[in-house]
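Some notes on the structure that comes next.
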Amino acid sequence: MIGADPKFRAVRLLQRYVVDPPVRMVWRLGLAPPGDAQLETIGRHTGQPHHTPICNGLTGTTFWLIAQHGRRTDYVQNLERDPRVRVRVSADGNWMTGTAHILDSDDPGARRRELGQGNSWRRLCLSASHAMSTDPLTIRIDLDQAGTGR
């Protein structure tokens with residue numbers, strides 16, 4: 001039950017009202033925090049685009065992300081309904097389209113360590129995200145060759 005986990009409730013409130021608002025504002029101002037990216041899913045209830053700040057997991061033509069709260073994460077529920085997503089790694093950059101895949105058998109801790117190698121900003125983002133995780137889950141986004149649009 002979602003309400004039964006006090007860490008999940010506390011972290012979700014902290015993110016919703018303290019962490020996410022300034023990060024979202026920075027993106028709207030045309031700046032991207034180092035190590036961050038943005039994910040766009042289509043809302044499962046509204047059918048409208050929903051933007052979420054995430055850690056930059058771009059490696060070649062694949063984008064990796066680790067959902068802090070597993071399948072309880074809103075964007076994971078959205079992509080379960082519609083796996084077509086868009087990501088961007090800079091505020092002035094183009095959106096890249098792709099298809100998301102939930103990897104239940106992947107080790108999120110090993111994936112986090114692998115993604116953090118050689119990129120200190122990404123490592124910082126992933127470490128902060130890990131500190132607030134309750135049920136990490138790996139998502140792989142296979143990016144389209146054309147990349148932009150929806």
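Within each chain, counting starts at residue 1; across the structure tokens, chains are named A, B, ... in the order shown, with ligands numbered 1 upward in that order.
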Residues within 12 Å of segment 28-31 of chain A, only C-alpha atoms, excluding chain neighbours under 6 positions, as a ChimeraX atom specification | /A:21-22,37-38,51,53,88-93
Could you pull the residues within 9 Å of segment 111-119 of chain A, counting only C-alpha atoms, minus those fewer than 4 positions along the same chain, as a ChimeraX atom specification?
-> /A:35,57-59,64-66,106-107,123-127,130,138
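Picture a line from atom CA of Tyr75 of chain A to atom CA of Thr41 of chain A; it runs 6.5 Å.
Between atom CA of Arg81 of chain A and atom CA of Leu103 of chain A there is a distance of 15.5 Å.
The closest residue to Pro136 of chain A, picked from A:Arg16, A:His69, A:Arg24, A:Arg122 and counting only C-alpha atoms, is A:His69.
Ranking A:Thr99, A:Asn78, A:Thr134, A:Thr46 by their shortest atom-to-atom distance to Phe63 of chain A, with only C-alpha atoms included, puts A:Thr99 first.
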In Å, rounded to a single decimal, give me how far atom CA of Ile54 of chain A is from atom CA of Trp121 of chain A.
-> 12.5 Å
Excluding same-chain residues fewer than 6 positions from Ala100 of chain A, what lies within 9 Å of it counting only C-alpha atoms, as number ranges by chain?
-> A: 63, 79-80, 82-85, 139-143
Take the residues from that selection and write them out as an mmCIF file, in the first residue's frame, keeping N, CA and C atoms.
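Dumped to again-v9.cif:
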```
data_model
loop_
_atom_site.group_PDB
_atom_site.id
_atom_site.type_symbol
_atom_site.label_atom_id
_atom_site.label_comp_id
_atom_site.auth_asym_id
_atom_site.auth_seq_id
_atom_site.Cartn_x
_atom_site.Cartn_y
_atom_site.Cartn_z
ATOM 1 N N PHE A 63 18.888 6.110 -23.429
ATOM 2 C CA PHE A 63 18.758 6.967 -22.259
ATOM 3 C C PHE A 63 18.334 6.076 -21.104
ATOM 4 N N LEU A 79 4.249 5.813 -18.402
ATOM 5 C CA LEU A 79 4.878 5.103 -19.518
ATOM 6 C C LEU A 79 4.438 3.655 -19.598
ATOM 7 N N GLU A 80 3.884 3.102 -18.512
ATOM 8 C CA GLU A 80 3.278 1.779 -18.616
ATOM 9 C C GLU A 80 2.058 1.840 -19.541
ATOM 10 N N ASP A 82 1.643 4.344 -21.920
ATOM 11 C CA ASP A 82 2.124 4.771 -23.234
ATOM 12 C C ASP A 82 3.651 4.889 -23.155
ATOM 13 N N PRO A 83 4.386 3.907 -23.680
ATOM 14 C CA PRO A 83 5.843 3.905 -23.543
ATOM 15 C C PRO A 83 6.574 4.915 -24.432
ATOM 16 N N ARG A 84 5.860 5.612 -25.311
ATOM 17 C CA ARG A 84 6.502 6.632 -26.147
ATOM 18 C C ARG A 84 6.770 7.862 -25.277
ATOM 19 N N VAL A 85 8.021 8.290 -25.243
ATOM 20 C CA VAL A 85 8.433 9.409 -24.394
ATOM 21 C C VAL A 85 9.341 10.344 -25.180
ATOM 22 N N ILE A 139 14.828 2.020 -15.961
ATOM 23 C CA ILE A 139 14.078 2.218 -17.194
ATOM 24 C C ILE A 139 15.105 2.467 -18.303
ATOM 25 N N ARG A 140 14.947 1.772 -19.414
ATOM 26 C CA ARG A 140 15.790 2.002 -20.594
ATOM 27 C C ARG A 140 14.909 2.635 -21.662
ATOM 28 N N ILE A 141 15.396 3.740 -22.233
ATOM 29 C CA ILE A 141 14.685 4.380 -23.333
ATOM 30 C C ILE A 141 15.531 4.222 -24.582
ATOM 31 N N ASP A 142 14.983 3.504 -25.548
ATOM 32 C CA ASP A 142 15.646 3.350 -26.841
ATOM 33 C C ASP A 142 15.249 4.553 -27.683
ATOM 34 N N LEU A 143 16.223 5.404 -27.984
ATOM 35 C CA LEU A 143 15.954 6.631 -28.723
ATOM 36 C C LEU A 143 15.797 6.346 -30.210
#
```
Of the residues A:Ala110, A:Pro33, A:Thr97, A:Gln68, which is the one nearest to Phe8 of chain A, using only C-alpha atoms?
-> A:Gln68
Among the residues of segment 60-121 of chain A, find those DSSP assigns to alpha helix (DSSP H) from the backbone and print them as number ranges by chain.
-> A: 74-81, 108-116, 120-121
Per DSSP on the backbone, what are the strand (DSSP E) residues of chain A, as a ChimeraX atom specification?
-> /A:36-42,49-55,58-59,62-67,84-88,96-103,137-143
